[in-house]
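Heads up: the structure comes next, in C-alpha coordinates.
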Amino acid sequence: MERKERLKELILDLHNGVDEEIVKESFKKEFGHVSTVEISQIEQQLMEEGMEVEEIQKLCNVHASVFTGNIADLHTLDQVDSEMGHPLFVFRKENYGLHLFIENELKPMMETFKNDPSENNRKDLMALVKNLAEVDKHYSRKENLMFPYLEKNGIHGPTQVMWGKDDEVRDLIKLVLTRNLDNKGLINAIENAIEEVESMILKENDILSPLLLKNIKPYEWLVIADASPAIGYVFNGAIEGASPSDANHWLMQNSNTDGEETPNQEENIDFVQEGYIKFPSGLIKFEDMVHMMNTSPQDFTYIDKDDKVRYFSEGKHPVFARTRTIIGRDVRHCHPPKAVPVVNQMLIDFKAGTKDEETRIITPGTKVLLVRYYAVRDEKGEYIGTLELTEEISKIVDMVNELRSK
(Lines give C-alpha, C1' and ligand atoms only; values in the text may rest on other atoms or scores of the structure.)
Protein backbone atom coordinates (compact mmCIF):
# COMPACT_ATOMS: atom_id res chain seq x y z
CA MET A 1 0.00 0.00 0.00
CA GLU A 2 1.28 3.49 -0.90
CA ARG A 3 2.37 5.72 1.95
CA LYS A 4 -0.32 8.28 1.17
CA GLU A 5 -3.03 5.62 1.06
CA ARG A 6 -1.95 4.26 4.43
CA LEU A 7 -1.97 7.74 5.98
CA LYS A 8 -5.46 8.27 4.60
CA GLU A 9 -6.50 4.94 6.05
CA LEU A 10 -5.30 5.98 9.50
CA ILE A 11 -7.36 9.18 9.32
CA LEU A 12 -10.41 7.18 8.25
CA ASP A 13 -9.81 4.85 11.21
CA LEU A 14 -10.12 7.89 13.46
CA HIS A 15 -13.27 8.88 11.60
CA ASN A 16 -14.73 5.43 12.15
CA GLY A 17 -14.13 5.51 15.89
CA VAL A 18 -10.87 3.60 16.32
CA ASP A 19 -9.22 4.63 19.58
CA GLU A 20 -6.86 7.56 19.10
CA GLU A 21 -4.06 5.90 21.08
CA ILE A 22 -4.20 2.81 18.85
CA VAL A 23 -3.93 4.98 15.74
CA LYS A 24 -1.03 6.92 17.27
CA GLU A 25 0.82 3.70 17.98
CA SER A 26 0.29 2.44 14.43
CA PHE A 27 1.54 5.75 13.09
CA LYS A 28 4.71 5.63 15.17
CA LYS A 29 5.47 2.09 14.01
CA GLU A 30 4.82 2.64 10.32
CA PHE A 31 5.99 6.22 9.81
CA GLY A 32 8.88 8.17 11.22
CA HIS A 33 7.70 11.56 10.00
CA VAL A 34 5.13 12.97 7.63
CA SER A 35 5.41 16.09 5.46
CA THR A 36 2.93 18.94 5.32
CA VAL A 37 2.53 18.20 1.60
CA GLU A 38 1.31 14.70 2.38
CA ILE A 39 -1.14 16.00 4.98
CA SER A 40 -2.57 18.53 2.52
CA GLN A 41 -2.82 15.90 -0.22
CA ILE A 42 -4.69 13.53 2.09
CA GLU A 43 -7.25 16.17 3.09
CA GLN A 44 -7.74 17.21 -0.52
CA GLN A 45 -8.12 13.62 -1.71
CA LEU A 46 -10.73 12.91 0.95
CA MET A 47 -12.74 15.89 -0.28
CA GLU A 48 -12.38 14.87 -3.91
CA GLU A 49 -13.70 11.44 -3.00
CA GLY A 50 -16.84 12.96 -1.55
CA MET A 51 -16.14 13.47 2.14
CA GLU A 52 -17.76 16.69 3.34
CA VAL A 53 -15.55 19.49 4.63
CA GLU A 54 -17.47 19.37 7.92
CA GLU A 55 -16.51 15.70 8.37
CA ILE A 56 -12.84 16.43 7.82
CA GLN A 57 -13.11 19.27 10.33
CA LYS A 58 -14.27 16.71 12.90
CA LEU A 59 -11.14 14.68 12.23
CA CYS A 60 -8.89 17.71 12.13
CA ASN A 61 -8.07 17.94 15.83
CA VAL A 62 -7.55 14.22 16.17
CA HIS A 63 -5.34 13.66 13.16
CA ALA A 64 -3.39 16.83 13.98
CA SER A 65 -2.65 15.38 17.42
CA VAL A 66 -1.35 12.25 15.71
CA PHE A 67 0.86 14.12 13.25
CA THR A 68 2.02 17.04 15.42
CA GLY A 69 5.61 16.51 16.44
CA ASN A 70 6.19 14.20 13.48
CA ILE A 71 6.21 16.83 10.74
CA ALA A 72 9.25 16.26 8.56
CA ASP A 73 9.71 19.77 7.19
CA LEU A 74 9.54 21.85 10.36
CA HIS A 75 13.25 22.55 9.92
CA THR A 76 12.35 24.78 6.98
CA LEU A 77 11.08 27.32 9.51
CA ASP A 78 14.50 27.91 11.07
CA GLN A 79 15.28 30.84 8.79
CA VAL A 80 11.92 32.63 9.03
CA ASP A 81 11.84 32.15 12.80
CA SER A 82 14.89 34.40 13.04
CA GLU A 83 13.72 36.95 10.45
CA MET A 84 12.10 39.58 12.64
CA GLY A 85 9.12 41.36 11.10
CA HIS A 86 8.56 38.76 8.36
CA PRO A 87 4.79 38.15 8.04
CA LEU A 88 5.16 34.49 9.02
CA PHE A 89 7.48 35.40 11.91
CA VAL A 90 4.82 37.83 13.15
CA PHE A 91 2.07 35.26 12.58
CA ARG A 92 3.86 32.58 14.59
CA LYS A 93 4.81 34.99 17.36
CA GLU A 94 1.16 36.02 17.62
CA ASN A 95 0.48 32.39 18.48
CA TYR A 96 3.12 32.59 21.20
CA GLY A 97 1.51 35.77 22.53
CA LEU A 98 -1.90 34.11 22.38
CA HIS A 99 -0.54 31.14 24.35
CA LEU A 100 0.87 33.48 27.01
CA PHE A 101 -2.44 35.35 27.23
CA ILE A 102 -4.35 32.10 27.80
CA GLU A 103 -1.89 30.72 30.35
CA ASN A 104 -1.09 33.90 32.27
CA GLU A 105 -4.38 35.78 32.15
CA LEU A 106 -7.43 33.85 30.97
CA LYS A 107 -6.90 30.55 32.79
CA PRO A 108 -5.97 32.19 36.12
CA MET A 109 -9.07 34.39 35.91
CA MET A 110 -11.17 31.29 35.26
CA GLU A 111 -9.80 29.73 38.46
CA THR A 112 -10.55 32.93 40.35
CA PHE A 113 -14.12 32.88 39.08
CA LYS A 114 -14.53 29.20 39.98
CA ASN A 115 -13.50 29.96 43.57
CA ASP A 116 -15.48 33.20 43.78
CA PRO A 117 -18.24 33.50 41.13
CA SER A 118 -19.01 37.10 42.05
CA GLU A 119 -20.44 39.57 39.56
CA ASN A 120 -17.19 41.54 39.48
CA ASN A 121 -15.16 38.42 38.74
CA ARG A 122 -17.62 37.47 35.99
CA LYS A 123 -17.17 40.92 34.43
CA ASP A 124 -13.39 40.57 34.55
CA LEU A 125 -13.58 37.12 33.01
CA MET A 126 -15.89 38.29 30.23
CA ALA A 127 -13.52 41.18 29.48
CA LEU A 128 -10.72 38.66 28.90
CA VAL A 129 -12.96 36.59 26.63
CA LYS A 130 -13.57 39.75 24.60
CA ASN A 131 -9.79 40.04 24.30
CA LEU A 132 -9.65 36.42 23.14
CA ALA A 133 -12.20 37.26 20.42
CA GLU A 134 -9.52 39.50 18.87
CA VAL A 135 -7.97 36.29 17.52
CA ASP A 136 -10.36 36.92 14.63
CA LYS A 137 -7.77 39.36 13.22
CA HIS A 138 -5.11 36.64 13.26
CA TYR A 139 -7.43 34.19 11.50
CA SER A 140 -8.62 36.81 9.01
CA ARG A 141 -5.06 37.59 7.89
CA LYS A 142 -4.48 33.90 7.34
CA GLU A 143 -7.73 33.35 5.46
CA ASN A 144 -7.66 36.46 3.28
CA LEU A 145 -3.95 37.07 2.72
CA MET A 146 -2.22 33.69 2.95
CA PHE A 147 -4.79 31.13 1.80
CA PRO A 148 -5.17 32.70 -1.69
CA TYR A 149 -1.55 31.79 -2.48
CA LEU A 150 -2.07 28.19 -1.41
CA GLU A 151 -5.22 27.97 -3.51
CA LYS A 152 -3.38 29.48 -6.48
CA ASN A 153 -1.03 26.50 -6.20
CA GLY A 154 -3.87 23.98 -6.19
CA ILE A 155 -4.12 23.52 -2.41
CA HIS A 156 -7.81 23.87 -1.64
CA GLY A 157 -8.70 21.12 0.84
CA PRO A 158 -6.58 22.22 3.81
CA THR A 159 -7.62 25.85 3.46
CA GLN A 160 -11.32 24.99 3.51
CA VAL A 161 -10.89 22.65 6.48
CA MET A 162 -8.85 25.16 8.48
CA TRP A 163 -11.21 28.06 7.68
CA GLY A 164 -14.06 25.88 8.93
CA LYS A 165 -12.17 25.25 12.17
CA ASP A 166 -11.54 29.00 12.52
CA ASP A 167 -15.27 29.60 12.28
CA GLU A 168 -15.86 26.98 14.97
CA VAL A 169 -13.58 28.98 17.27
CA ARG A 170 -15.41 32.19 16.41
CA ASP A 171 -18.76 30.53 17.15
CA LEU A 172 -17.54 29.16 20.50
CA ILE A 173 -16.32 32.59 21.60
CA LYS A 174 -19.53 34.21 20.35
CA LEU A 175 -21.52 31.71 22.43
CA VAL A 176 -19.72 32.88 25.57
CA LEU A 177 -20.21 36.56 24.75
CA THR A 178 -23.83 36.48 23.60
CA ARG A 179 -25.48 33.84 25.79
CA ASN A 180 -26.37 34.44 29.43
CA LEU A 181 -24.79 31.21 30.67
CA ASP A 182 -24.87 30.01 34.26
CA ASN A 183 -21.54 29.76 36.08
CA LYS A 184 -20.84 26.13 35.18
CA GLY A 185 -21.98 26.60 31.60
CA LEU A 186 -19.77 29.68 31.25
CA ILE A 187 -16.64 27.85 32.40
CA ASN A 188 -17.39 24.86 30.16
CA ALA A 189 -17.93 27.11 27.14
CA ILE A 190 -14.68 29.00 27.73
CA GLU A 191 -12.77 25.75 28.19
CA ASN A 192 -14.16 24.47 24.88
CA ALA A 193 -13.08 27.66 23.15
CA ILE A 194 -9.59 27.50 24.67
CA GLU A 195 -9.20 23.87 23.61
CA GLU A 196 -9.98 24.74 19.99
CA VAL A 197 -7.74 27.83 20.02
CA GLU A 198 -4.82 25.83 21.40
CA SER A 199 -5.40 23.11 18.83
CA MET A 200 -5.34 25.72 16.06
CA ILE A 201 -2.03 27.07 17.37
CA LEU A 202 -0.51 23.61 16.83
CA LYS A 203 -2.03 23.28 13.35
CA GLU A 204 -0.78 26.69 12.28
CA ASN A 205 2.71 26.24 13.69
CA ASP A 206 3.35 22.63 12.67
CA ILE A 207 1.24 22.03 9.56
CA LEU A 208 0.30 25.35 7.97
CA SER A 209 3.58 27.24 8.41
CA PRO A 210 5.80 24.87 6.38
CA LEU A 211 3.09 24.68 3.73
CA LEU A 212 3.08 28.48 3.42
CA LEU A 213 6.85 28.64 3.06
CA LYS A 214 6.77 26.05 0.29
CA ASN A 215 4.10 27.88 -1.71
CA ILE A 216 4.49 31.63 -1.13
CA LYS A 217 7.22 33.39 -3.09
CA PRO A 218 9.41 36.09 -1.46
CA TYR A 219 7.76 38.97 -3.32
CA GLU A 220 4.30 37.62 -2.41
CA TRP A 221 5.18 37.98 1.27
CA LEU A 222 5.60 41.69 0.49
CA VAL A 223 1.97 41.82 -0.68
CA ILE A 224 0.89 40.08 2.53
CA ALA A 225 2.97 42.44 4.68
CA ASP A 226 1.58 45.50 2.91
CA ALA A 227 -2.05 44.39 3.36
CA SER A 228 -1.76 43.08 6.94
CA PRO A 229 -2.17 46.39 8.85
CA ALA A 230 -5.60 46.92 7.28
CA ILE A 231 -6.82 43.72 8.95
CA GLY A 232 -4.81 44.20 12.12
CA TYR A 233 -2.52 42.34 14.49
CA VAL A 234 -3.16 40.85 17.91
CA PHE A 235 -1.25 39.43 20.92
CA ASN A 236 2.08 40.55 19.45
CA GLY A 237 2.67 44.09 20.70
CA ALA A 238 5.26 43.28 23.36
CA ILE A 239 7.05 40.48 21.51
CA GLU A 240 10.46 41.38 20.12
CA GLY A 241 10.50 41.43 16.34
CA ALA A 242 6.74 40.92 16.02
CA SER A 243 5.21 44.30 16.79
CA PRO A 244 3.40 46.28 14.07
CA SER A 245 6.42 48.59 13.83
CA ASP A 246 8.70 45.55 13.34
CA ALA A 247 6.39 44.30 10.57
CA ASN A 248 6.46 47.69 8.89
CA HIS A 249 10.25 47.90 9.19
CA TRP A 250 10.61 44.49 7.50
CA LEU A 251 8.36 45.64 4.67
CA MET A 252 10.34 48.85 4.15
CA GLN A 253 13.64 46.98 4.24
CA ASN A 254 12.55 44.39 1.70
CA SER A 255 10.53 46.51 -0.73
CA ASN A 256 11.96 47.69 -4.05
CA THR A 257 15.04 45.50 -3.83
CA ASP A 258 17.09 45.75 -7.03
CA GLY A 259 16.69 42.70 -9.23
CA GLU A 260 13.78 41.31 -7.24
CA GLU A 261 10.42 40.57 -8.77
CA THR A 262 7.67 43.03 -7.98
CA PRO A 263 4.40 41.80 -6.48
CA ASN A 264 2.46 42.28 -9.71
CA GLN A 265 5.14 41.24 -12.17
CA GLU A 266 3.63 37.86 -12.95
CA GLU A 267 0.32 39.53 -13.80
CA ASN A 268 1.62 42.47 -15.85
CA ILE A 269 0.70 40.76 -19.11
CA ASP A 270 -2.92 40.68 -17.98
CA PHE A 271 -2.88 44.35 -17.04
CA VAL A 272 -2.12 45.47 -20.60
CA GLN A 273 -4.69 43.28 -22.30
CA GLU A 274 -7.28 45.26 -24.21
CA GLY A 275 -10.68 45.39 -22.58
CA TYR A 276 -9.41 45.13 -19.00
CA ILE A 277 -9.48 47.75 -16.26
CA LYS A 278 -6.53 47.74 -13.87
CA PHE A 279 -7.08 48.48 -10.18
CA PRO A 280 -4.53 48.42 -7.33
CA SER A 281 -6.44 45.44 -5.93
CA GLY A 282 -6.83 43.50 -9.17
CA LEU A 283 -8.14 43.66 -12.69
CA ILE A 284 -11.49 43.03 -14.33
CA LYS A 285 -12.92 42.94 -17.82
CA PHE A 286 -14.63 46.20 -18.74
CA GLU A 287 -17.85 44.41 -19.69
CA ASP A 288 -17.80 42.45 -16.42
CA MET A 289 -17.44 45.71 -14.53
CA VAL A 290 -20.48 47.18 -16.28
CA HIS A 291 -22.61 44.10 -15.50
CA MET A 292 -21.37 44.01 -11.92
CA MET A 293 -22.33 47.63 -11.25
CA ASN A 294 -25.71 47.17 -12.92
CA THR A 295 -26.40 44.01 -10.90
CA SER A 296 -25.98 45.75 -7.55
CA PRO A 297 -29.25 46.54 -5.73
CA GLN A 298 -27.75 49.96 -5.10
CA ASP A 299 -27.79 52.65 -7.77
CA PHE A 300 -24.43 54.38 -8.15
CA THR A 301 -24.03 57.98 -9.31
CA TYR A 302 -20.70 59.80 -9.45
CA ILE A 303 -20.32 63.56 -9.55
CA ASP A 304 -16.86 65.04 -10.23
CA LYS A 305 -15.15 67.92 -8.39
CA ASP A 306 -16.78 70.40 -10.75
CA ASP A 307 -20.23 69.11 -9.73
CA LYS A 308 -20.88 67.46 -13.10
CA VAL A 309 -22.58 64.04 -13.33
CA ARG A 310 -20.02 61.67 -14.86
CA TYR A 311 -21.53 58.22 -14.32
CA PHE A 312 -24.59 56.36 -13.14
CA SER A 313 -25.32 52.64 -13.03
CA GLU A 314 -28.20 51.24 -15.05
CA GLY A 315 -29.76 48.48 -12.97
CA LYS A 316 -33.01 46.73 -13.78
CA HIS A 317 -34.95 48.48 -11.00
CA PRO A 318 -33.59 52.01 -10.57
CA VAL A 319 -34.73 53.91 -7.49
CA PHE A 320 -34.81 57.21 -9.37
CA ALA A 321 -35.28 57.43 -13.13
CA ARG A 322 -32.18 58.68 -14.94
CA THR A 323 -31.32 59.10 -18.60
CA ARG A 324 -27.94 59.36 -20.27
CA THR A 325 -28.67 62.98 -21.15
CA ILE A 326 -27.67 63.96 -17.58
CA ILE A 327 -24.02 63.01 -18.20
CA GLY A 328 -22.02 66.23 -17.98
CA ARG A 329 -24.92 68.09 -16.41
CA ASP A 330 -24.48 70.18 -13.24
CA VAL A 331 -25.90 68.09 -10.40
CA ARG A 332 -27.92 71.06 -9.11
CA HIS A 333 -29.89 71.04 -12.34
CA CYS A 334 -30.84 67.41 -11.73
CA HIS A 335 -32.91 68.35 -8.67
CA PRO A 336 -36.11 70.40 -8.21
CA PRO A 337 -35.49 74.02 -7.18
CA LYS A 338 -36.56 73.48 -3.56
CA ALA A 339 -33.87 70.78 -3.14
CA VAL A 340 -31.02 72.81 -4.65
CA PRO A 341 -30.08 74.70 -1.43
CA VAL A 342 -29.72 71.37 0.41
CA VAL A 343 -27.60 69.84 -2.36
CA ASN A 344 -25.48 72.97 -2.58
CA GLN A 345 -24.80 73.05 1.17
CA MET A 346 -23.80 69.39 1.16
CA LEU A 347 -21.28 69.98 -1.63
CA ILE A 348 -19.88 73.02 0.23
CA ASP A 349 -19.42 70.89 3.36
CA PHE A 350 -17.80 68.04 1.40
CA LYS A 351 -15.36 70.40 -0.34
CA ALA A 352 -14.50 72.18 2.90
CA GLY A 353 -13.85 68.88 4.65
CA THR A 354 -16.36 69.60 7.42
CA LYS A 355 -18.42 66.58 6.42
CA ASP A 356 -17.61 63.27 4.71
CA GLU A 357 -21.02 61.68 4.36
CA GLU A 358 -24.73 62.34 4.55
CA THR A 359 -27.68 59.94 4.80
CA ARG A 360 -31.34 60.49 4.02
CA ILE A 361 -34.33 58.18 4.25
CA ILE A 362 -37.37 58.83 2.08
CA THR A 363 -40.67 56.98 2.56
CA PRO A 364 -42.96 57.39 -0.47
CA GLY A 365 -45.99 55.16 0.09
CA THR A 366 -44.87 51.74 1.37
CA LYS A 367 -41.34 52.13 0.05
CA VAL A 368 -38.28 52.93 2.13
CA LEU A 369 -35.54 54.64 0.12
CA LEU A 370 -32.05 54.84 1.59
CA VAL A 371 -29.97 57.61 -0.01
CA ARG A 372 -26.33 58.06 1.00
CA TYR A 373 -23.76 60.57 -0.17
CA TYR A 374 -20.01 60.21 0.34
CA ALA A 375 -17.23 62.71 -0.30
CA VAL A 376 -14.61 61.03 -2.51
CA ARG A 377 -11.06 62.08 -1.66
CA ASP A 378 -7.68 61.18 -3.12
CA GLU A 379 -4.69 59.82 -1.19
CA LYS A 380 -3.84 63.38 -0.11
CA GLY A 381 -7.34 63.92 1.28
CA GLU A 382 -8.30 66.36 -1.48
CA TYR A 383 -11.94 66.38 -2.59
CA ILE A 384 -12.37 64.90 -6.09
CA GLY A 385 -16.09 64.17 -6.23
CA THR A 386 -19.21 62.78 -4.61
CA LEU A 387 -20.60 59.25 -4.71
CA GLU A 388 -24.36 58.80 -4.34
CA LEU A 389 -25.80 55.40 -3.39
CA THR A 390 -29.54 54.79 -3.45
CA GLU A 391 -31.44 51.63 -2.57
CA GLU A 392 -35.03 50.61 -1.91
CA ILE A 393 -34.82 48.75 1.43
CA SER A 394 -38.43 48.14 2.52
CA LYS A 395 -37.95 44.34 2.42
CA ILE A 396 -34.80 44.63 4.53
CA VAL A 397 -36.66 46.80 7.06
CA ASP A 398 -39.44 44.19 7.21
CA MET A 399 -36.87 41.43 7.82
CA VAL A 400 -35.27 43.42 10.64
CA ASN A 401 -38.66 44.10 12.25
CA GLU A 402 -39.57 40.42 12.00
CA LEU A 403 -36.33 39.35 13.67
CA ARG A 404 -36.81 41.86 16.48
CA SER A 405 -40.37 40.71 17.10
CA LYS A 406 -39.27 37.10 17.78
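Chains: A, B, ... in order of the C-alpha coordinates. Residues: from 1 per chain. Ligands: from 1, in order shown.
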Just the residues within 9 Å of stretch 98-105 of chain A, please, counting only C-alpha atoms, with nothing from its chain fewer than 2 positions along; format it as a VMD selection string. chain A and resid 93 to 96 107 to 110 128 132 135 194 197 to 198 201 234 to 236
Would you list, as a list in words, the residues of stretch 246-336 of chain A that end up in strand (DSSP E) under DSSP run on this structure's backbone?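 Those in stretch 246-336 of chain A that DSSP calls strand (DSSP E) are Tyr276, Ile277, Lys278, Phe279, Gly282, Leu283, Ile284, Lys285, Asp299, Phe300, Thr301, Tyr302, Ile303, Asp304, Val309, Arg310, Tyr311 and Phe312 of chain A.
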Write out as number ranges by chain the residues lying within 12 Å of stretch 300-316 of chain A, counting only C-alpha atoms and excluding same-chain residues fewer than 4 positions away. A: 289-296, 320-334, 343-344, 346-348, 350-351, 371-378, 382-391
With a distance cut-off of 12 Å and only C-alpha atoms, select the neighbouring residues of A:Leu181, excluding the residue or stretch itself and same-chain residues fewer than 6 positions from it, and output the selection as a count of residues only. 8
Between A:Thr178, A:Asn121, A:Asn215, A:Thr112, smallest distance to A:Tyr149 by only C-alpha atoms belongs to A:Asn215
Write out as a list in words which residues come within 8 Å of A:His86 when counting only C-alpha atoms, dropping same-chain ones fewer than 5 positions away.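 So the residues in contact are Val80, Trp221, Ala225, Ala247, Trp250 and Leu251 of chain A.
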Backbone DSSP call of helix (DSSP H, G or I) for stretch 118-163 of chain A, listed as a ChimeraX atom specification: /A:119-132,135-152,157-163
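Taking atom CA of A:Trp163 as the reference point, atom CA of A:Tyr139 is found at 8.2 Å.
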